[in-house]
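Trainee: Quick one: structure below, then a few questions.
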Amino acid sequence: MTVRVRFAPSPTGWLHIGGARTALYNFLFAKKHSGKFILRIEDTDQSRSTDEAIKAILEDMRWLGLQWDEGPEIGGPYGPYRQTERSHLYEEAIKQLLSSGSAYYCFCSPEELEKMREDALSRKLSFRYPRKCRNISLEEAEERIRRGEPAAVRFKTPLEGRIKINDIVRGEVEFDLSQLDDFVIARSDKSPTYNLAVVVDDALMKITHVIRGDDHLSNTPKQVLIYRALGYPVPEFAHLSMILGPDKKPLSKRHGSTAVFEFKNKGYLPEAMVNYLALLGWSFDDKTTFFTPQELIEKFDLSRVSANPAVFDFQKLEWLNGVWIRQLDTKELAKRIEPYVKSDYGENFEIDENFYKLVELTKERMKTLRDFVDWTYFYFIEENEFSIDEKDLKKVAASSGFKDILKEARDELSALSNWDRSEIEKALRELVARLEEKPKKVFQAVRVAVTGRLVSPPLFESLEILGKERTLRRLEKAVLFL
Ligand code: GLU
């Protein structure tokens, strides 16, 4: 048996952390078992699905490295992979269920149903469709439809009995059929509902393992009923537990960024995201935290996926991103940073020796690629656009002798014939001694004047990379300004 798994997002918005983790677990499981990873777009809810969302989801999946073996843009033997292009397959299945007596037409109007719902509510009962149309014969129903009556299609759920599934993550789960509704499988406009479409697709696409969020656990008995009624083998199920925020409430926007693209924009590496997402509900040995994608493929195992909710730890992800940043060699890291510099300072930017030096200088402390862009403002900003951060300026300008320090520093530095870090350091330390000031005071004054910020990469190296001319010009400007 070849393992075939799928990720089936509804394109109603961005790819979020939860969806990305589901996609990743499917991907890892497929790769580990030399199987196929299928991407299917579940866009039957046309009022909420958009082409932009599809595009964004595909882009974010590719960014994470979760390339699908079959799906949109690349096709495959069981396509199309977009539900709106598969209507004929659902219609056929619905016809089959109707003629075998597993489903029936329901003529109850939305208004009638609403009344039934209110009625149940007023009697403090949970609403279940009272099966009013369950015994209308197919012939009679078809006659009414011919006369123009609108009808939905409902599944004829057995009135009693149990369905047991052996969920790979949750173990044995039993459902009491008497608690289930005669659920709708096709709306009156003939469009299939999620439960019908998902079964038809998973069956026809020969999906062997359904790995998805546990918000779908309660749909599973309905789907098992449909599999059986259509005569399809039932796949294995693995329902992944929820992801919670640090306050143990379901992860949401309130907690911070939850969309994959937001992390990308903030300068997270896809390797770090994948590494962290893998640990969000799975562990190898309770202590290893660093995994390359290849190691994940080798080590990932659904049997070590926890049935308990996972807590999303923003700090841990940030830490892991830093670890990953330090895994990359300088050249590679520079390549990853390049787009962020370009987006801030223009497309004309080209990687050069100084850029590599700046990367080396900041690599140890970087937690996100954006840190680099923030810290190297002083280098990338055009000279005529350079400005000193006002808050930072206030902090140092308040201390006595600020202007004199800058003036003296300018003189000392302009006298240097060799512009390198050790000469710069020597000159500034001599100045410290001569002025009988604390080193920190002198260095912070120079730092603010030249880099524009109180936080910058190491000072002497920064000045060396910035160059003598630009350094002196900024000191001069600061003196004049004061
Ligand atoms: N389209 C469904 C969702 O996004 C997928 C459910 C499933 O994997 O069966 O929640």
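Following the order of the structure tokens, chains are lettered A, B, ..., residues in each are numbered from 1, and ligands are numbered from 1.
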How would you write, as a list in words, the set of residues no farther than 7 Å from ligand 1 when counting only C-alpha atoms and all ligand atoms?
Mentor: Phe7, Ala8, Pro9, Ser10, Glu42, Val198, Val210, Ile211, Arg212 and His216 of chain A
Trainee: Using only C-alpha atoms, find each residue of range 294-378 of chain A with at least one atom at most 10 Å away from an atom of range 170-186 of chain A; report its shortest atom-to-atom pair and that distance in Å (one decimal), sort the rows by chain and rising residue number, and return the result as a Markdown table.
Mentor:
| residue | atom | partner | partner_atom | distance |
| --- | --- | --- | --- | --- |
| A:Ser303 | CA | A:Arg170 | CA | 9.8 |
| A:Val305 | CA | A:Arg170 | CA | 9.3 |
| A:Ser306 | CA | A:Arg170 | CA | 8.3 |
| A:Ala307 | CA | A:Arg170 | CA | 5.7 |
| A:Asn308 | CA | A:Arg170 | CA | 9.2 |
Trainee: Output C-alpha atoms of each residue in that selection to a file, as a tab-separated table (two decimals), in the first residue's frame.
Mentor:
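What ended up in part_8.tsv:
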chain	number	residue	atom	x	y	z
A	303	SER	CA	2.55	7.59	17.21
A	305	VAL	CA	1.98	12.98	18.33
A	306	SER	CA	0.34	14.08	21.54
A	307	ALA	CA	-3.39	14.05	22.10
A	308	ASN	CA	-3.00	17.02	24.45
Trainee: So which residues of range 198-338 of chain A fall under strand (DSSP E) by DSSP, listed as a PyMOL selection string?
Mentor: chain A and resi 209-213+236-240+243-244+310-311
Trainee: Give me, please, the distance in Å between CA of Phe460 in chain A and CA of Phe481 in chain A, quoted to one decimal.
Mentor: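 We find that CA of Phe460 in chain A and CA of Phe481 in chain A lie 23.4 Å from each other.
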Trainee: Find the spatial neighbours of Met242 in chain A, counting only C-alpha atoms, within a cut-off of 9 Å - ignore same-chain residues fewer than 3 positions away - and output them as a list of chain:residue names.
Mentor: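 Counting only the stated atoms, we get A:Gly18, A:Gly213, A:Asp214, A:Asp215, A:Pro250, A:Leu251, A:Gly281, A:Ala307, A:Asn308, A:Pro309, A:Ala310, A:Val311.
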Trainee: Can I get the selection written as a PDB file, in the first residue's frame, with all heavy atoms?
Mentor:
ATOM      1  N   GLY A  18      -1.925  26.787  12.539  1.00  0.00           N
ATOM      2  CA  GLY A  18      -2.590  25.490  12.678  1.00  0.00           C
ATOM      3  C   GLY A  18      -2.615  24.724  11.362  1.00  0.00           C
ATOM      4  O   GLY A  18      -2.284  23.540  11.315  1.00  0.00           O
ATOM      5  N   GLY A 213      -7.028  18.593  11.716  1.00  0.00           N
ATOM      6  CA  GLY A 213      -7.304  19.160  13.029  1.00  0.00           C
ATOM      7  C   GLY A 213      -8.480  18.468  13.713  1.00  0.00           C
ATOM      8  O   GLY A 213      -9.388  17.964  13.040  1.00  0.00           O
ATOM      9  N   ASP A 214      -8.455  18.448  15.045  1.00  0.00           N
ATOM     10  CA  ASP A 214      -9.506  17.708  15.728  1.00  0.00           C
ATOM     11  C   ASP A 214     -10.840  18.455  15.768  1.00  0.00           C
ATOM     12  O   ASP A 214     -11.815  17.962  16.313  1.00  0.00           O
ATOM     13  CB  ASP A 214      -9.069  17.226  17.118  1.00  0.00           C
ATOM     14  CG  ASP A 214      -8.919  18.380  18.106  1.00  0.00           C
ATOM     15  OD1 ASP A 214      -9.154  19.544  17.717  1.00  0.00           O
ATOM     16  OD2 ASP A 214      -8.556  18.095  19.268  1.00  0.00           O
ATOM     17  N   ASP A 215     -10.875  19.642  15.150  1.00  0.00           N
ATOM     18  CA  ASP A 215     -12.174  20.286  14.986  1.00  0.00           C
ATOM     19  C   ASP A 215     -13.043  19.460  14.034  1.00  0.00           C
ATOM     20  O   ASP A 215     -14.252  19.673  13.968  1.00  0.00           O
ATOM     21  CB  ASP A 215     -12.021  21.731  14.474  1.00  0.00           C
ATOM     22  CG  ASP A 215     -11.067  21.856  13.307  1.00  0.00           C
ATOM     23  OD1 ASP A 215     -10.124  21.037  13.210  1.00  0.00           O
ATOM     24  OD2 ASP A 215     -11.254  22.761  12.471  1.00  0.00           O
ATOM     25  N   PRO A 250      -7.576  29.048  22.859  1.00  0.00           N
ATOM     26  CA  PRO A 250      -7.236  28.729  21.458  1.00  0.00           C
ATOM     27  C   PRO A 250      -6.418  29.854  20.802  1.00  0.00           C
ATOM     28  O   PRO A 250      -6.762  31.021  20.946  1.00  0.00           O
ATOM     29  CB  PRO A 250      -8.600  28.584  20.800  1.00  0.00           C
ATOM     30  CG  PRO A 250      -9.497  28.121  21.911  1.00  0.00           C
ATOM     31  CD  PRO A 250      -8.987  28.797  23.157  1.00  0.00           C
ATOM     32  N   LEU A 251      -5.352  29.467  20.130  1.00  0.00           N
ATOM     33  CA  LEU A 251      -4.462  30.450  19.508  1.00  0.00           C
ATOM     34  C   LEU A 251      -5.245  31.322  18.531  1.00  0.00           C
ATOM     35  O   LEU A 251      -5.977  30.823  17.680  1.00  0.00           O
ATOM     36  CB  LEU A 251      -3.326  29.737  18.770  1.00  0.00           C
ATOM     37  CG  LEU A 251      -2.258  30.633  18.143  1.00  0.00           C
ATOM     38  CD1 LEU A 251      -1.448  31.339  19.217  1.00  0.00           C
ATOM     39  CD2 LEU A 251      -1.331  29.828  17.234  1.00  0.00           C
ATOM     40  N   GLY A 281       3.308  19.612  19.190  1.00  0.00           N
ATOM     41  CA  GLY A 281       2.414  18.458  19.294  1.00  0.00           C
ATOM     42  C   GLY A 281       3.118  17.133  19.042  1.00  0.00           C
ATOM     43  O   GLY A 281       2.556  16.071  19.241  1.00  0.00           O
ATOM     44  N   ALA A 307      -1.952  13.760  22.149  1.00  0.00           N
ATOM     45  CA  ALA A 307      -3.388  14.045  22.098  1.00  0.00           C
ATOM     46  C   ALA A 307      -3.734  15.286  22.914  1.00  0.00           C
ATOM     47  O   ALA A 307      -4.850  15.776  22.872  1.00  0.00           O
ATOM     48  CB  ALA A 307      -4.181  12.845  22.609  1.00  0.00           C
ATOM     49  N   ASN A 308      -2.759  15.807  23.660  1.00  0.00           N
ATOM     50  CA  ASN A 308      -3.004  17.022  24.449  1.00  0.00           C
ATOM     51  C   ASN A 308      -2.760  18.264  23.595  1.00  0.00           C
ATOM     52  O   ASN A 308      -1.916  18.244  22.716  1.00  0.00           O
ATOM     53  CB  ASN A 308      -2.071  17.074  25.658  1.00  0.00           C
ATOM     54  CG  ASN A 308      -2.315  15.911  26.596  1.00  0.00           C
ATOM     55  OD1 ASN A 308      -3.455  15.493  26.780  1.00  0.00           O
ATOM     56  ND2 ASN A 308      -1.243  15.368  27.135  1.00  0.00           N
ATOM     57  N   PRO A 309      -3.470  19.323  23.903  1.00  0.00           N
ATOM     58  CA  PRO A 309      -3.259  20.554  23.141  1.00  0.00           C
ATOM     59  C   PRO A 309      -1.816  21.053  23.269  1.00  0.00           C
ATOM     60  O   PRO A 309      -1.197  20.881  24.321  1.00  0.00           O
ATOM     61  CB  PRO A 309      -4.213  21.553  23.787  1.00  0.00           C
ATOM     62  CG  PRO A 309      -5.167  20.750  24.590  1.00  0.00           C
ATOM     63  CD  PRO A 309      -4.492  19.476  24.946  1.00  0.00           C
ATOM     64  N   ALA A 310      -1.312  21.642  22.214  1.00  0.00           N
ATOM     65  CA  ALA A 310       0.042  22.204  22.237  1.00  0.00           C
ATOM     66  C   ALA A 310      -0.051  23.698  22.509  1.00  0.00           C
ATOM     67  O   ALA A 310      -1.005  24.350  22.096  1.00  0.00           O
ATOM     68  CB  ALA A 310       0.716  21.969  20.897  1.00  0.00           C
ATOM     69  N   VAL A 311       0.920  24.214  23.229  1.00  0.00           N
ATOM     70  CA  VAL A 311       0.921  25.651  23.522  1.00  0.00           C
ATOM     71  C   VAL A 311       1.971  26.346  22.645  1.00  0.00           C
ATOM     72  O   VAL A 311       3.132  25.946  22.626  1.00  0.00           O
ATOM     73  CB  VAL A 311       1.202  25.920  25.013  1.00  0.00           C
ATOM     74  CG1 VAL A 311       1.313  27.413  25.278  1.00  0.00           C
ATOM     75  CG2 VAL A 311       0.107  25.309  25.871  1.00  0.00           C
TER      76      VAL A 311
END
Trainee: Can you work out which one of A:Lys124, A:Lys367, A:Lys342, A:Arg421 has the shortest atom-to-atom distance to Ala272 in chain A, counting only C-alpha atoms?
Mentor: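 For Ala272 in chain A, the nearest of the given residues is A:Lys367.
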Trainee: From a backbone DSSP assignment, name each residue in range 334-472 of chain A labelled alpha helix (DSSP H), as a PyMOL selection string.
Mentor: chain A and resi 334-345+353-363+369-375+377-380+390-397+402-414+421-435+439-451+459-466+468-472
Trainee: Return the single residue from A:Ile388, A:Ala398, A:Leu466, A:Leu204 that is closest to Tyr90 in chain A, with distances computed using only C-alpha atoms.
Mentor: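 Looking at the shortest contact to Tyr90 in chain A, the residue is A:Leu204.
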Trainee: Residues near Gly245 in chain A, anyone? I mean within 12 Å using only C-alpha atoms, not counting same-chain ones fewer than 4 positions away, as a list in words.
Mentor: Ile17, Gly18, Lys249, Pro250, Leu251, Ser252, Lys253, Arg254, His255, Gly256, Ser257, Thr258, Leu280, Pro309, Ala310, Val311, Phe312, Asp313, Phe314 and Gln315 of chain A
Trainee: I need the residues from that last selection saved to file as a CSV table (one decimal), in the first residue's frame (with N, CA and C atoms), if you can.
Mentor:
chain,number,residue,atom,x,y,z
A,17,ILE,N,-0.9,29.2,11.4
A,17,ILE,CA,0.0,28.2,12.1
A,17,ILE,C,-0.6,26.8,12.2
A,18,GLY,N,-1.9,26.8,12.5
A,18,GLY,CA,-2.6,25.5,12.7
A,18,GLY,C,-2.6,24.7,11.4
A,249,LYS,N,-5.8,29.6,25.9
A,249,LYS,CA,-7.0,29.8,25.1
A,249,LYS,C,-6.6,29.5,23.7
A,250,PRO,N,-7.6,29.0,22.9
A,250,PRO,CA,-7.2,28.7,21.5
A,250,PRO,C,-6.4,29.9,20.8
A,251,LEU,N,-5.4,29.5,20.1
A,251,LEU,CA,-4.5,30.4,19.5
A,251,LEU,C,-5.2,31.3,18.5
A,252,SER,N,-5.1,32.6,18.7
A,252,SER,CA,-5.8,33.5,17.8
A,252,SER,C,-5.0,34.8,17.6
A,253,LYS,N,-5.5,35.7,16.8
A,253,LYS,CA,-4.9,37.0,16.5
A,253,LYS,C,-4.5,37.7,17.8
A,254,ARG,N,-5.4,37.5,18.8
A,254,ARG,CA,-5.2,38.2,20.1
A,254,ARG,C,-3.8,37.9,20.7
A,255,HIS,N,-3.2,36.8,20.4
A,255,HIS,CA,-2.0,36.4,20.9
A,255,HIS,C,-0.8,36.9,20.2
A,256,GLY,N,-1.0,37.4,19.0
A,256,GLY,CA,0.1,37.9,18.1
A,256,GLY,C,-0.1,37.4,16.7
A,257,SER,N,1.0,37.3,16.0
A,257,SER,CA,1.0,36.8,14.6
A,257,SER,C,0.6,35.4,14.6
A,258,THR,N,-0.3,35.0,13.7
A,258,THR,CA,-0.7,33.6,13.6
A,258,THR,C,-0.6,33.2,12.1
A,280,LEU,N,5.3,21.2,17.7
A,280,LEU,CA,4.0,21.7,18.3
A,280,LEU,C,3.0,20.5,18.3
A,309,PRO,N,-3.5,19.3,23.9
A,309,PRO,CA,-3.3,20.6,23.1
A,309,PRO,C,-1.8,21.1,23.3
A,310,ALA,N,-1.3,21.6,22.2
A,310,ALA,CA,0.0,22.2,22.2
A,310,ALA,C,-0.1,23.7,22.5
A,311,VAL,N,0.9,24.2,23.2
A,311,VAL,CA,0.9,25.7,23.5
A,311,VAL,C,2.0,26.3,22.6
A,312,PHE,N,1.5,27.3,21.9
A,312,PHE,CA,2.4,28.1,21.0
A,312,PHE,C,3.3,29.0,21.9
A,313,ASP,N,4.6,28.9,21.7
A,313,ASP,CA,5.5,29.7,22.5
A,313,ASP,C,6.3,30.6,21.6
A,314,PHE,N,5.8,31.8,21.5
A,314,PHE,CA,6.5,32.8,20.6
A,314,PHE,C,8.0,33.0,20.9
A,315,GLN,N,8.3,33.0,22.2
A,315,GLN,CA,9.7,33.2,22.5
A,315,GLN,C,10.6,32.0,22.1
Trainee: If we count only C-alpha atoms, what is near Phe127 in chain A at a cut-off of 7 Å, once residues fewer than 3 positions away on the same chain are taken out, given as a list in words?
Mentor: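 Everything that qualifies: Arg117, Ala120 and Leu121 of chain A.
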Trainee: Which polymer residues have any atom within 8 Å of an atom of range 62-68 of chain A, counting only C-alpha atoms, with same-chain residues fewer than 5 positions away left out, as a ChimeraX atom specification?
Mentor: /A:23-24,27,36-39,270-271,273-274
Trainee: Hey, which of A:Gly467, A:Gly71, A:Pro457, A:Pro233 ends up closest to Leu358 in chain A? Count only C-alpha atoms.
Mentor: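 Of the candidates, the smallest distance to Leu358 in chain A is held by A:Pro457.
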